[in-house]
file structure-v6.txt (compact mmCIF, C-alpha atoms and all ligand atoms)
# COMPACT_ATOMS: atom_id res chain seq x y z
CA MET N 11 -3.82 -13.94 18.55
CA PRO N 12 -2.67 -12.32 21.82
CA PRO N 13 -4.90 -12.97 24.82
CA PRO N 14 -7.50 -10.28 25.52
CA LEU N 15 -6.31 -7.73 28.08
CA SER N 16 -7.87 -7.71 31.50
CA PRO N 17 -10.44 -4.97 32.11
CA ALA N 18 -8.81 -1.57 32.33
CA VAL N 19 -8.42 -0.07 35.80
CA GLY N 20 -6.81 3.10 37.06
CA PRO N 21 -7.42 6.82 37.14
CA VAL N 22 -10.12 8.19 34.91
CA ILE N 23 -8.90 10.66 32.32
CA ALA N 24 -11.75 13.01 31.47
CA VAL N 25 -11.30 12.76 27.73
CA ASP N 26 -14.71 13.44 26.27
CA THR N 27 -16.17 15.59 28.97
CA ALA N 28 -19.11 17.79 28.23
CA ASP N 29 -18.90 21.54 28.36
CA ALA N 30 -18.89 22.32 32.09
CA ARG N 31 -21.52 25.02 31.71
CA VAL N 32 -23.98 22.69 30.03
CA VAL N 33 -23.56 19.20 31.40
CA PRO N 34 -21.56 18.08 34.45
CA ARG N 35 -18.19 16.62 33.56
CA LYS N 36 -18.36 12.86 33.07
CA SER N 37 -15.67 10.24 32.81
CA ILE N 38 -14.95 8.40 29.59
CA ARG N 39 -16.47 5.29 31.06
CA SER N 40 -19.74 6.96 31.97
CA GLN N 41 -20.04 8.23 28.39
CA ARG N 42 -19.71 4.79 26.83
CA PRO N 43 -21.87 4.80 23.65
CA ALA N 44 -25.26 3.15 24.03
CA PRO N 45 -25.70 -0.22 22.29
CA VAL N 46 -26.85 0.20 18.70
CA SER N 47 -30.32 -1.17 19.42
CA SER N 48 -31.09 1.33 22.19
CA ARG N 49 -29.83 4.41 20.38
CA LYS N 50 -32.11 7.30 19.64
CA PRO N 51 -31.73 8.80 16.18
CA ALA N 52 -28.89 11.34 16.19
CA SER N 53 -30.02 14.82 17.02
CA PRO N 54 -29.55 17.14 14.06
CA ALA N 55 -26.43 19.22 14.53
CA VAL N 56 -28.20 22.31 13.22
CA LYS N 57 -27.40 24.43 16.25
CA LEU N 58 -23.66 23.79 16.11
CA PRO N 59 -21.30 25.79 13.91
CA VAL N 60 -20.00 23.91 10.89
CA VAL N 61 -16.59 25.03 9.65
CA LEU N 62 -14.71 23.63 6.65
CA PHE N 63 -10.94 24.17 6.40
CA GLY N 64 -9.50 23.85 2.91
CA TYR N 65 -8.15 25.66 -0.12
CA GLU N 66 -9.58 26.41 -3.54
CA ALA N 67 -7.56 24.00 -5.68
CA SER N 68 -7.92 21.09 -3.27
CA THR N 69 -9.72 18.19 -4.94
CA PHE N 70 -11.15 16.83 -1.73
CA THR N 71 -12.21 20.25 -0.48
CA ILE N 72 -14.25 20.64 -3.68
CA LYS N 73 -15.92 17.32 -2.86
CA ILE N 74 -17.07 18.51 0.58
CA ARG N 75 -18.11 21.96 -0.64
CA LEU N 76 -20.33 20.22 -3.18
CA ALA N 77 -21.72 17.85 -0.55
CA LEU N 78 -22.58 20.73 1.80
CA ARG N 79 -24.38 22.51 -1.04
CA LEU N 80 -26.25 19.36 -2.10
CA LYS N 81 -27.30 18.85 1.51
CA GLN N 82 -28.03 22.55 2.03
CA ILE N 83 -26.01 22.77 5.25
CA PRO N 84 -24.94 26.32 6.11
CA TYR N 85 -21.22 26.54 6.94
CA THR N 86 -18.20 28.77 7.19
CA PHE N 87 -15.23 28.24 4.90
CA VAL N 88 -11.77 28.99 6.24
CA HIS N 89 -8.83 29.07 3.82
CA VAL N 90 -5.67 27.30 4.90
CA PRO N 91 -2.34 27.28 2.99
CA VAL N 92 -1.92 24.88 0.06
CA MET N 93 1.14 23.45 1.76
CA ALA N 94 2.08 22.23 5.22
CA PRO N 95 2.57 23.47 7.90
CA ARG N 96 -0.90 24.68 8.84
CA PRO N 97 -0.45 26.23 12.27
CA LEU N 98 -4.12 27.18 12.49
CA LEU N 99 -5.15 23.52 12.60
CA ARG N 100 -2.23 22.45 14.76
CA ASP N 101 -2.68 25.19 17.37
CA SER N 102 -6.48 25.17 17.48
CA PHE N 103 -7.09 21.41 17.47
CA ALA N 104 -3.66 19.78 18.04
CA LEU N 105 -4.10 18.25 14.59
CA SER N 106 -0.91 16.77 13.19
CA TYR N 107 -2.69 15.00 10.29
CA ARG N 108 -1.48 16.94 7.27
CA LYS N 109 -4.20 16.47 4.67
CA ILE N 110 -7.10 18.67 3.70
CA PRO N 111 -10.01 19.21 4.09
CA VAL N 112 -10.89 19.09 7.76
CA LEU N 113 -14.42 19.64 8.99
CA ALA N 114 -15.41 20.88 12.44
CA ILE N 115 -18.93 20.52 13.80
CA GLY N 116 -18.78 22.25 17.14
CA ARG N 117 -15.91 20.61 19.03
CA ASP N 118 -15.80 17.47 16.90
CA ILE N 119 -13.11 17.49 14.25
CA TYR N 120 -13.61 15.16 11.29
CA VAL N 121 -10.76 14.06 9.09
CA ASP N 122 -10.93 12.45 5.64
CA THR N 123 -13.78 12.96 3.23
CA TYR N 124 -14.80 9.29 3.34
CA LEU N 125 -15.88 9.90 6.94
CA ILE N 126 -16.97 13.52 6.48
CA LEU N 127 -19.64 12.62 3.89
CA GLU N 128 -21.19 10.02 6.16
CA ILE N 129 -21.10 12.26 9.19
CA LEU N 130 -22.89 14.99 7.27
CA GLU N 131 -25.51 12.49 6.19
CA GLN N 132 -25.97 11.18 9.73
CA ARG N 133 -25.89 14.49 11.61
CA PHE N 134 -27.99 16.35 9.06
CA PRO N 135 -30.50 13.66 8.14
CA SER N 136 -33.33 13.59 5.66
CA PRO N 137 -36.08 14.88 5.51
CA ASP N 138 -34.76 18.06 7.15
CA PHE N 139 -31.80 18.03 4.79
CA PRO N 140 -31.60 16.53 1.28
CA THR N 141 -30.00 13.11 1.28
CA LEU N 142 -26.83 12.08 -0.53
CA TYR N 143 -28.49 8.71 -1.06
CA PRO N 144 -31.80 9.18 -2.86
CA ALA N 145 -33.51 5.91 -3.76
CA ALA N 146 -33.58 4.37 -7.19
CA GLU N 147 -36.85 3.12 -8.64
CA ASP N 148 -36.54 -0.22 -6.85
CA GLY N 149 -36.41 1.66 -3.52
CA ARG N 150 -32.73 0.92 -2.89
CA THR N 151 -30.29 3.67 -1.99
CA ASN N 152 -27.16 1.58 -2.69
CA ARG N 153 -25.46 3.55 0.07
CA ALA N 154 -22.80 0.98 0.94
CA LEU N 155 -22.04 0.37 -2.72
CA ILE N 156 -21.72 4.10 -3.35
CA ARG N 157 -19.39 4.42 -0.37
CA LEU N 158 -17.25 1.62 -1.81
CA LEU N 159 -17.23 3.27 -5.21
CA THR N 160 -16.17 6.55 -3.65
CA GLY N 161 -13.65 5.27 -1.12
CA TYR N 162 -12.06 2.60 -3.26
CA TRP N 163 -12.31 4.08 -6.73
CA ALA N 164 -12.92 7.81 -7.03
CA ASP N 165 -10.85 8.86 -4.01
CA ARG N 166 -7.91 6.60 -4.77
CA PRO N 167 -7.11 5.10 -8.22
CA LEU N 168 -9.15 7.74 -10.05
CA PHE N 169 -7.45 10.47 -7.98
CA ARG N 170 -4.06 9.06 -9.00
CA VAL N 171 -5.12 9.36 -12.63
CA THR N 172 -6.30 12.96 -12.24
CA THR N 173 -3.17 14.04 -10.31
CA GLY N 174 -1.26 12.69 -13.32
CA LEU N 175 -2.87 15.54 -15.29
CA ILE N 176 -1.27 18.30 -13.18
CA PRO N 177 0.88 20.45 -15.50
CA PRO N 178 4.51 19.34 -14.95
CA ARG N 179 5.87 22.81 -14.04
CA VAL N 180 3.98 22.50 -10.75
CA TRP N 181 6.32 19.69 -9.69
CA ARG N 182 9.35 21.97 -10.11
CA SER N 183 7.95 24.50 -7.63
CA ARG N 184 7.99 24.55 -3.81
CA PHE N 185 4.63 22.81 -4.08
CA GLY N 186 6.43 19.86 -5.71
CA ASN N 187 8.84 19.62 -2.76
CA ASP N 188 5.93 19.74 -0.33
CA ARG N 189 4.14 16.94 -2.15
CA ALA N 190 7.35 14.88 -2.18
CA GLN N 191 7.20 15.01 1.65
CA LEU N 192 3.52 14.00 1.48
CA ILE N 193 4.21 11.05 -0.81
CA GLY N 194 7.45 10.03 0.89
CA HIS N 195 9.83 10.14 -2.10
CA PRO N 196 11.26 12.78 -4.47
CA LEU N 197 9.24 13.72 -7.54
CA ASP N 198 10.95 13.84 -10.91
CA ALA N 199 9.20 16.56 -12.96
CA ALA N 200 10.75 15.45 -16.28
CA LYS N 201 9.67 11.87 -15.74
CA LEU N 202 6.14 12.99 -14.79
CA ALA N 203 5.97 15.10 -17.98
CA ARG N 204 6.86 12.03 -20.06
CA LYS N 205 4.08 10.08 -18.37
CA ILE N 206 1.29 12.41 -19.51
CA PRO N 207 0.17 10.28 -22.50
CA GLU N 208 0.00 7.31 -20.16
CA ASN N 209 -2.13 9.32 -17.72
CA LEU N 210 -4.48 10.47 -20.48
CA ALA N 211 -4.86 6.85 -21.54
CA ALA N 212 -5.63 5.94 -17.94
CA LEU N 213 -8.29 8.66 -17.84
CA ASP N 214 -9.77 7.20 -21.01
CA VAL N 215 -10.14 3.84 -19.24
CA GLN N 216 -12.05 5.48 -16.38
CA LEU N 217 -14.27 7.56 -18.67
CA ASN N 218 -15.13 4.49 -20.71
CA LEU N 219 -16.46 2.77 -17.58
CA THR N 220 -18.40 5.86 -16.52
CA GLU N 221 -19.92 6.18 -20.01
CA ALA N 222 -21.13 2.57 -19.87
CA GLN N 223 -22.87 3.13 -16.53
CA LEU N 224 -24.51 6.38 -17.67
CA LYS N 225 -25.57 4.92 -21.01
CA GLU N 226 -27.38 2.11 -19.23
CA ALA N 227 -29.04 4.57 -16.81
CA GLY N 228 -30.13 6.71 -19.79
CA ASP N 229 -31.51 3.73 -21.73
CA GLN N 230 -33.50 2.67 -18.69
CA MET N 231 -34.91 6.15 -18.34
CA GLN N 232 -36.63 5.84 -21.73
CA THR N 233 -39.00 3.28 -20.26
CA ARG N 234 -38.96 4.32 -16.59
CA PRO N 235 -39.15 8.03 -15.96
CA HIS N 236 -38.13 7.75 -12.29
CA GLN N 237 -35.03 9.91 -12.71
CA ALA N 238 -36.97 12.92 -13.95
CA ASN N 239 -33.96 15.23 -13.95
CA GLY N 240 -31.42 12.48 -14.73
CA PRO N 241 -30.08 10.12 -15.77
CA TRP N 242 -27.87 9.72 -12.71
CA LEU N 243 -25.22 7.07 -12.20
CA PHE N 244 -27.26 4.81 -9.92
CA SER N 245 -30.62 5.65 -11.52
CA SER N 246 -31.65 7.57 -8.43
CA SER N 247 -34.36 10.22 -8.39
CA ASN N 248 -31.77 12.97 -7.79
CA PRO N 249 -27.97 12.97 -7.96
CA SER N 250 -26.43 10.76 -5.30
CA GLY N 251 -23.05 10.40 -3.61
CA ALA N 252 -21.98 8.38 -6.66
CA ASP N 253 -22.56 11.34 -8.98
CA LEU N 254 -20.76 13.57 -6.51
CA ALA N 255 -17.80 11.18 -6.28
CA LEU N 256 -17.25 10.97 -10.01
CA PHE N 257 -18.05 14.59 -10.71
CA TYR N 258 -15.64 16.18 -8.23
CA GLN N 259 -12.72 14.09 -9.47
CA LEU N 260 -13.42 14.62 -13.15
CA LYS N 261 -14.07 18.33 -12.67
CA TRP N 262 -10.88 18.87 -10.70
CA GLY N 263 -8.86 16.73 -13.14
CA ARG N 264 -10.19 18.59 -16.19
CA ASP N 265 -9.70 21.99 -14.57
CA ILE N 266 -6.17 21.36 -13.39
CA ALA N 267 -5.20 19.92 -16.79
CA GLN N 268 -6.43 23.19 -18.30
CA GLY N 269 -4.27 25.15 -15.87
CA LYS N 270 -7.06 26.25 -13.48
CA GLY N 271 -5.76 26.28 -9.92
CA VAL N 272 -2.10 26.11 -11.00
CA ASP N 273 -1.56 29.71 -9.85
CA GLU N 274 -2.63 28.81 -6.31
CA MET N 275 -0.29 25.83 -6.24
CA ILE N 276 2.79 27.59 -7.54
CA ALA N 277 1.90 30.92 -5.85
CA GLY N 278 2.33 32.76 -9.14
CA PRO N 279 0.71 33.12 -12.55
CA ALA N 280 0.19 30.00 -14.66
CA ALA N 281 1.94 30.07 -18.05
CA ASP N 282 0.24 29.42 -21.38
CA ASP N 283 1.89 26.04 -21.66
CA ASP N 284 0.69 24.96 -18.21
CA LYS N 285 -1.85 22.77 -19.91
CA VAL N 286 -2.34 19.09 -20.52
CA PRO N 287 -4.50 18.15 -23.58
CA VAL N 288 -7.30 16.52 -21.57
CA GLU N 289 -9.87 17.26 -24.30
CA VAL N 290 -8.25 14.58 -26.47
CA VAL N 291 -10.08 11.99 -24.36
CA PHE N 292 -12.63 14.00 -22.38
CA ASN N 293 -14.97 15.27 -25.11
CA SER N 294 -18.61 14.91 -26.09
CA GLU N 295 -17.96 12.94 -29.27
CA ARG N 296 -16.12 10.22 -27.46
CA TYR N 297 -18.15 10.33 -24.26
CA PRO N 298 -21.56 11.90 -24.96
CA CYS N 299 -23.27 10.50 -21.87
CA VAL N 300 -20.46 11.57 -19.52
CA VAL N 301 -20.27 15.11 -20.90
CA ALA N 302 -24.07 15.55 -20.77
CA TRP N 303 -24.20 14.18 -17.21
CA PHE N 304 -21.27 16.38 -16.17
CA LYS N 305 -23.14 19.52 -17.32
CA ARG N 306 -26.38 18.23 -15.79
CA PHE N 307 -24.77 17.79 -12.39
CA GLU N 308 -23.10 21.20 -12.58
CA THR N 309 -26.42 22.86 -13.46
CA TYR N 310 -28.22 20.97 -10.70
CA VAL N 311 -25.77 22.16 -8.03
CA GLU N 312 -25.65 25.72 -9.30
CA ALA N 313 -29.44 25.97 -9.06
CA LEU N 314 -29.29 25.21 -5.33
CA PRO N 315 -29.11 28.12 -2.87
CA LYS N 316 -25.59 28.98 -1.69
CA VAL N 317 -24.83 27.87 1.86
CA GLU N 318 -21.21 28.95 2.23
CA LYS N 319 -19.84 31.94 4.10
CA VAL N 320 -16.16 32.53 3.36
CA VAL N 321 -14.24 34.38 6.06
CA GLU N 322 -10.83 36.02 5.71
CA ASP N 323 -10.27 36.12 9.47
CA PRO N 324 -10.90 32.74 11.13
CA ALA N 325 -11.10 34.16 14.68
CA GLY N 326 -14.92 34.35 14.82
CA ALA N 327 -15.37 30.85 13.40
CA LEU N 328 -12.87 29.42 15.89
CA ARG N 329 -14.54 31.24 18.78
CA ALA N 330 -17.91 29.80 17.76
CA LEU N 331 -16.42 26.29 17.77
CA LYS N 332 -14.77 26.83 21.13
CA GLU N 333 -18.00 28.07 22.68
CA SER N 334 -19.98 25.05 21.42
CA ALA N 335 -21.17 22.45 23.88
CA MET N 336 -19.47 19.07 23.63
CA VAL N 337 -22.32 16.83 22.46
CA PRO N 338 -22.67 13.24 23.70
CA ILE N 339 -20.24 11.03 21.86
CA GLU N 340 -22.98 8.83 20.39
CA ASP N 341 -24.41 11.84 18.56
CA ALA N 342 -21.04 12.86 17.20
CA GLN N 343 -19.71 9.57 15.87
CA LEU N 344 -20.69 7.46 12.91
CA HIS N 345 -22.92 4.54 13.89
CA PRO N 346 -21.70 1.22 12.54
CA VAL N 347 -24.26 -1.41 11.57
CA ALA N 348 -22.37 -4.05 13.55
CA PRO N 349 -22.12 -3.83 17.35
CA LYS N 350 -18.78 -3.42 19.13
CA LEU N 351 -16.47 -6.42 19.09
CA ASP N 352 -14.67 -5.99 22.39
CA VAL N 353 -12.60 -9.14 21.99
CA LEU N 354 -11.07 -7.74 18.81
CA ALA N 355 -10.43 -4.30 20.28
CA GLU N 356 -8.82 -5.91 23.33
CA SER N 357 -6.57 -8.20 21.31
CA LEU N 358 -5.48 -5.19 19.24
CA ARG N 359 -4.98 -3.26 22.50
CA LEU N 360 -7.28 -0.59 21.14
CA THR N 361 -9.37 -0.08 24.25
CA ARG N 362 -10.61 3.19 25.67
CA GLY N 363 -7.87 5.25 27.21
CA ALA N 364 -5.04 3.62 25.22
CA THR N 365 -2.59 6.00 23.55
CA VAL N 366 -2.77 5.29 19.82
CA SER N 367 -1.19 6.46 16.59
CA ILE N 368 -3.36 6.96 13.52
CA THR N 369 -1.69 7.07 10.13
CA PRO N 370 -3.13 7.18 6.61
CA ASN N 371 -2.22 4.03 4.68
CA ASP N 372 -1.43 5.90 1.46
CA THR N 373 0.15 9.35 1.65
CA GLY N 374 0.92 11.58 4.63
CA ARG N 375 2.39 8.68 6.61
CA ASP N 376 5.10 10.86 8.09
CA ASN N 377 2.52 12.90 10.00
CA PRO N 378 0.79 10.45 12.34
CA THR N 379 -1.79 11.60 14.86
CA VAL N 380 -1.29 10.56 18.47
CA GLY N 381 -4.20 10.61 20.87
CA ILE N 382 -6.03 8.93 23.71
CA LEU N 383 -8.60 6.53 22.36
CA ILE N 384 -12.22 7.35 23.06
CA ASP N 385 -13.93 4.99 20.66
CA PHE N 386 -13.04 2.32 18.13
CA SER N 387 -15.75 0.78 15.94
CA ALA N 388 -16.12 -0.83 12.51
CA GLU N 389 -16.60 2.67 11.09
CA GLN N 390 -14.22 4.98 12.85
CA VAL N 391 -11.79 5.82 15.60
CA VAL N 392 -12.19 8.79 17.94
CA VAL N 393 -9.38 10.26 20.01
CA GLN N 394 -8.61 13.10 22.33
CA PRO N 395 -5.49 14.54 20.72
CA CYS N 396 -2.22 14.54 22.64
CA HIS N 397 -0.41 17.85 22.96
CA ILE N 398 1.94 18.68 20.11
CA ASP N 399 5.44 19.70 21.30
CA GLY N 400 4.01 19.99 24.80
CA LYS N 401 1.42 22.56 23.67
CA ALA N 402 -2.26 22.04 24.50
CA PRO N 403 -4.79 22.81 21.76
CA GLU N 404 -6.67 26.09 22.08
CA MET N 405 -9.91 24.21 22.61
CA GLU N 406 -10.81 20.79 23.92
CA VAL N 407 -11.83 18.68 20.91
CA ARG N 408 -12.43 15.13 19.80
CA GLN N 409 -10.79 14.02 16.54
CA HIS N 410 -12.58 11.48 14.32
CA PHE N 411 -10.89 9.33 11.66
CA PRO N 412 -12.42 6.64 9.42
CA ARG N 413 -11.17 3.06 9.70
CA VAL N 414 -11.00 2.80 5.91
CA GLY N 415 -7.64 4.11 4.75
CA PHE N 416 -6.00 4.41 8.19
CA VAL N 417 -3.72 2.26 10.31
CA ILE N 418 -4.45 2.51 14.05
CA ARG N 419 -1.87 1.14 16.48
CA PRO N 420 -1.49 1.25 20.26
CA ILE N 421 1.53 3.14 21.61
CA ALA N 422 0.74 2.82 25.31
CA GLU N 423 -1.91 0.84 27.13
CA SER N 424 -5.05 2.16 28.71
CA ARG N 425 -4.71 3.49 32.22
CA LEU N 426 -8.48 3.53 32.74
N1 LIG N 501 -8.32 10.50 1.67
C1 LIG N 501 -8.25 11.92 1.93
C2 LIG N 501 -7.43 12.59 0.85
C3 LIG N 501 -7.21 14.05 1.14
C4 LIG N 501 -6.12 14.63 0.27
O1 LIG N 501 -5.30 13.91 -0.34
N2 LIG N 501 -6.11 15.94 0.22
C5 LIG N 501 -5.07 16.64 -0.49
C6 LIG N 501 -5.60 17.97 -1.00
S1 LIG N 501 -6.86 17.70 -2.18
C7 LIG N 501 -3.99 16.98 0.48
O2 LIG N 501 -4.25 17.10 1.65
N3 LIG N 501 -2.75 17.11 0.01
C8 LIG N 501 -1.70 17.46 0.88
C9 LIG N 501 -1.82 18.79 1.49
O3 LIG N 501 -2.64 19.61 1.04
O4 LIG N 501 -1.07 19.04 2.41
C10 LIG N 501 -9.66 12.49 2.02
O5 LIG N 501 -10.58 11.88 1.47
O6 LIG N 501 -9.86 13.51 2.69

call {"tool": "encode", "arguments": {"input": "structure-v6.txt", "output": "structure tokens"}}
result
Amino acid sequence: MPPPLSPAVGPVIAVDTADARVVPRKSIRSQRPAPVSSRKPASPAVKLPVVLFGYEASTFTIKIRLALRLKQIPYTFVHVPVMAPRPLLRDSFALSYRKIPVLAIGRDIYVDTYLILEILEQRFPSPDFPTLYPAAEDGRTNRALIRLLTGYWADRPLFRVTTGLIPPRVWRSRFGNDRAQLIGHPLDAAKLARKIPENLAALDVQLNLTEAQLKEAGDQMQTRPHQANGPWLFSSSNPSGADLALFYQLKWGRDIAQGKGVDEMIAGPAADDDKVPVEVVFNSERYPCVVAWFKRFETYVEALPKVEKVVEDPAGALRALKESAMVPIEDAQLHPVAPKLDVLAESLRLTRGATVSITPNDTGRDNPTVGILIDFSAEQVVVQPCHIDGKAPEMEVRQHFPRVGFVIRPIAESRL
């Protein structure tokens, strides 16, 4: 292990300064997050504008739209193109990360739904907002387990199964070329068409597991009526992040297999044969508990008041973000359970002020983010973005990435 670096010295770069009109500018060092034990609970972010950038057929955008509705957080939805480039995000926030969705809360930009869900839960806490982690009868929320299930199952291997249900013609379109860039190798539409039976079989494997979990939750409900409107996957009193995680993937996978959303991807009408026979495995005879739960979740969400305002022109939403005060960093970032481990950060050369690159460890690796490190914890990394092609972003922002699923490396050492 390389020796820890000596304490950083040098000029202070005012990375996470507060809005000059609200709080005097402070240096990075003076805004060091308070130790976990002395932190006040995060102030609800209710007064800041919440803006979600995504597109209709985006699996992960659906996930966050559902989460915002479950949590009853009012927000603005801004459509971005289904393919890169997305100049709106690049010019406004100097965001070179190419995936969707992206969430802005005031001048904090959150990337990746694994982080976005937790930030929503932390910044819009219960009881003012419904929780994504309602307790089961034994009082446990299973939050960490649900995060694992989402981050390591639904968002990844299950997503690979559902993308295998995309009608093959999509891969022959411009969209297919764009996704080849995302994945990092060419896509062979004919080969992907031949793999459909294999993908349906893979879906069957996933549904079988889901059925087992829901059957057990349903059997338990006979004797313990805790889940009055359930059963839910983790036997919670209301649907939890686990239900959300499974639902959004299965819904998107079923819809896309039936050709819904294909028109947006290929920028033209879907044909009659743009369908994959998903009902062969996903049906109520084979999976009665899953199909009943799927409808139950859909009904539950639809009964909740709408919280979304869709805008055609993003100018007003961007202005509202730009005019927001920069909140203290400790209110804007996810709080890890474990305290900072400076020795580790130092040996990785991931100290405040270092220039770092942040790259997803799955797809989108050719579009790394480069920024000046503000914070690095067991949960996330926060940077002030570097200019792209010498161009400053239209507003001063902080960008937040989760540690799970990203590789963070130093490019240049801290000059603090
Ligand atoms: N791990 C990411 C995955 C995001 C993702 O793969 N999003 C898709 C759309 S659903 C995407 O960005 N595809 C490439 C693109 O739209 O440019 C997350 O949870 O946010």

call {"tool": "residues_near_ligand", "arguments": {"input": "structure-v6.txt", "ligand": "ligand LIG 501 (chain N)", "cutoff": "8 Å", "atoms": "all atoms listed in the file", "output": "PyMOL selection string"}}
result
chain N and resi 67-71+91-95+108-112+121-125+161+165-166+188-189+192+370+373-374+415

call {"tool": "residues_around", "arguments": {"input": "structure-v6.txt", "residues": "region 130-143 of chain N", "least_positions_apart": "3", "cutoff": "9 Å", "atoms": "all atoms listed in the file", "output": "number ranges by chain"}}
result
N: 51-56, 77-78, 80-83, 125-127, 151-153, 156, 246, 248-252, 254, 341-345

call {"tool": "closest_residue", "arguments": {"input": "structure-v6.txt", "among": "N:Arg264, N:Lys319, N:Arg425, N:Arg419", "to": "Pro378 (chain N)", "atoms": "only C-alpha atoms"}}
result
N:Arg419

call {"tool": "atom_distance", "arguments": {"input": "structure-v6.txt", "atom1": "CA of Pro324 (chain N)", "atom2": "CA of Thr173 (chain N)"}}
result
29.5 Å

call {"tool": "closest_residue", "arguments": {"input": "structure-v6.txt", "among": "N:Lys73, N:Ile266, N:Trp163, N:Gly116", "to": "Ala335 (chain N)", "atoms": "only C-alpha atoms"}}
result
N:Gly116

call {"tool": "atom_distance", "arguments": {"input": "structure-v6.txt", "atom1": "CA of Val392 (chain N)", "atom2": "CA of Leu328 (chain N)"}}
result
20.7 Å

call {"tool": "atom_distance", "arguments": {"input": "structure-v6.txt", "atom1": "CA of Arg170 (chain N)", "atom2": "CA of Asn209 (chain N)"}}
result
8.9 Å

call {"tool": "residues_near_point", "arguments": {"input": "structure-v6.txt", "point": "(4.3, 3.2, 27.5)", "cutoff": "12 Å", "atoms": "all atoms listed in the file", "output": "list in words"}}
result
Ala364, Thr365, Val366, Pro420, Ile421, Ala422, Glu423, Ser424 and Arg425 of chain N

call {"tool": "decode", "arguments": {"input": "structure-v6.txt", "residues": "region 258-273 of chain N", "atoms": "N, CA and C atoms", "output": "PDB file, in the first residue's frame"}}
result
ATOM      1  N   TYR N 258     -40.406  -1.950 -11.490  1.00  0.00           N
ATOM      2  CA  TYR N 258     -40.044  -1.097 -12.627  1.00  0.00           C
ATOM      3  C   TYR N 258     -39.343  -1.908 -13.710  1.00  0.00           C
ATOM      4  N   GLN N 259     -38.543  -2.887 -13.294  1.00  0.00           N
ATOM      5  CA  GLN N 259     -37.844  -3.697 -14.296  1.00  0.00           C
ATOM      6  C   GLN N 259     -38.816  -4.580 -15.065  1.00  0.00           C
ATOM      7  N   LEU N 260     -39.716  -5.245 -14.303  1.00  0.00           N
ATOM      8  CA  LEU N 260     -40.635  -6.170 -14.965  1.00  0.00           C
ATOM      9  C   LEU N 260     -41.614  -5.410 -15.853  1.00  0.00           C
ATOM     10  N   LYS N 261     -42.034  -4.239 -15.382  1.00  0.00           N
ATOM     11  CA  LYS N 261     -42.987  -3.451 -16.179  1.00  0.00           C
ATOM     12  C   LYS N 261     -42.315  -3.006 -17.486  1.00  0.00           C
ATOM     13  N   TRP N 262     -41.101  -2.442 -17.339  1.00  0.00           N
ATOM     14  CA  TRP N 262     -40.427  -1.965 -18.548  1.00  0.00           C
ATOM     15  C   TRP N 262     -40.155  -3.145 -19.500  1.00  0.00           C
ATOM     16  N   GLY N 263     -39.700  -4.271 -18.944  1.00  0.00           N
ATOM     17  CA  GLY N 263     -39.366  -5.436 -19.772  1.00  0.00           C
ATOM     18  C   GLY N 263     -40.595  -5.960 -20.503  1.00  0.00           C
ATOM     19  N   ARG N 264     -41.736  -6.027 -19.791  1.00  0.00           N
ATOM     20  CA  ARG N 264     -42.962  -6.523 -20.427  1.00  0.00           C
ATOM     21  C   ARG N 264     -43.433  -5.543 -21.500  1.00  0.00           C
ATOM     22  N   ASP N 265     -43.400  -4.258 -21.161  1.00  0.00           N
ATOM     23  CA  ASP N 265     -43.854  -3.241 -22.124  1.00  0.00           C
ATOM     24  C   ASP N 265     -42.999  -3.241 -23.391  1.00  0.00           C
ATOM     25  N   ILE N 266     -41.702  -3.254 -23.210  1.00  0.00           N
ATOM     26  CA  ILE N 266     -40.837  -3.139 -24.392  1.00  0.00           C
ATOM     27  C   ILE N 266     -40.974  -4.402 -25.256  1.00  0.00           C
ATOM     28  N   ALA N 267     -41.131  -5.557 -24.601  1.00  0.00           N
ATOM     29  CA  ALA N 267     -41.329  -6.794 -25.360  1.00  0.00           C
ATOM     30  C   ALA N 267     -42.612  -6.710 -26.192  1.00  0.00           C
ATOM     31  N   GLN N 268     -43.599  -5.972 -25.668  1.00  0.00           N
ATOM     32  CA  GLN N 268     -44.858  -5.828 -26.405  1.00  0.00           C
ATOM     33  C   GLN N 268     -44.816  -4.657 -27.387  1.00  0.00           C
ATOM     34  N   GLY N 269     -43.667  -4.056 -27.522  1.00  0.00           N
ATOM     35  CA  GLY N 269     -43.489  -2.996 -28.522  1.00  0.00           C
ATOM     36  C   GLY N 269     -43.747  -1.593 -27.995  1.00  0.00           C
ATOM     37  N   LYS N 270     -44.098  -1.453 -26.696  1.00  0.00           N
ATOM     38  CA  LYS N 270     -44.364  -0.110 -26.152  1.00  0.00           C
ATOM     39  C   LYS N 270     -43.038   0.605 -25.901  1.00  0.00           C
ATOM     40  N   GLY N 271     -42.891   1.786 -26.489  1.00  0.00           N
ATOM     41  CA  GLY N 271     -41.647   2.531 -26.295  1.00  0.00           C
ATOM     42  C   GLY N 271     -40.685   2.352 -27.458  1.00  0.00           C
ATOM     43  N   VAL N 272     -40.984   1.363 -28.338  1.00  0.00           N
ATOM     44  CA  VAL N 272     -40.110   1.132 -29.491  1.00  0.00           C
ATOM     45  C   VAL N 272     -40.100   2.362 -30.403  1.00  0.00           C
ATOM     46  N   ASP N 273     -41.273   2.988 -30.572  1.00  0.00           N
ATOM     47  CA  ASP N 273     -41.355   4.163 -31.457  1.00  0.00           C
ATOM     48  C   ASP N 273     -40.401   5.270 -31.002  1.00  0.00           C
TER      49      ASP N 273
END
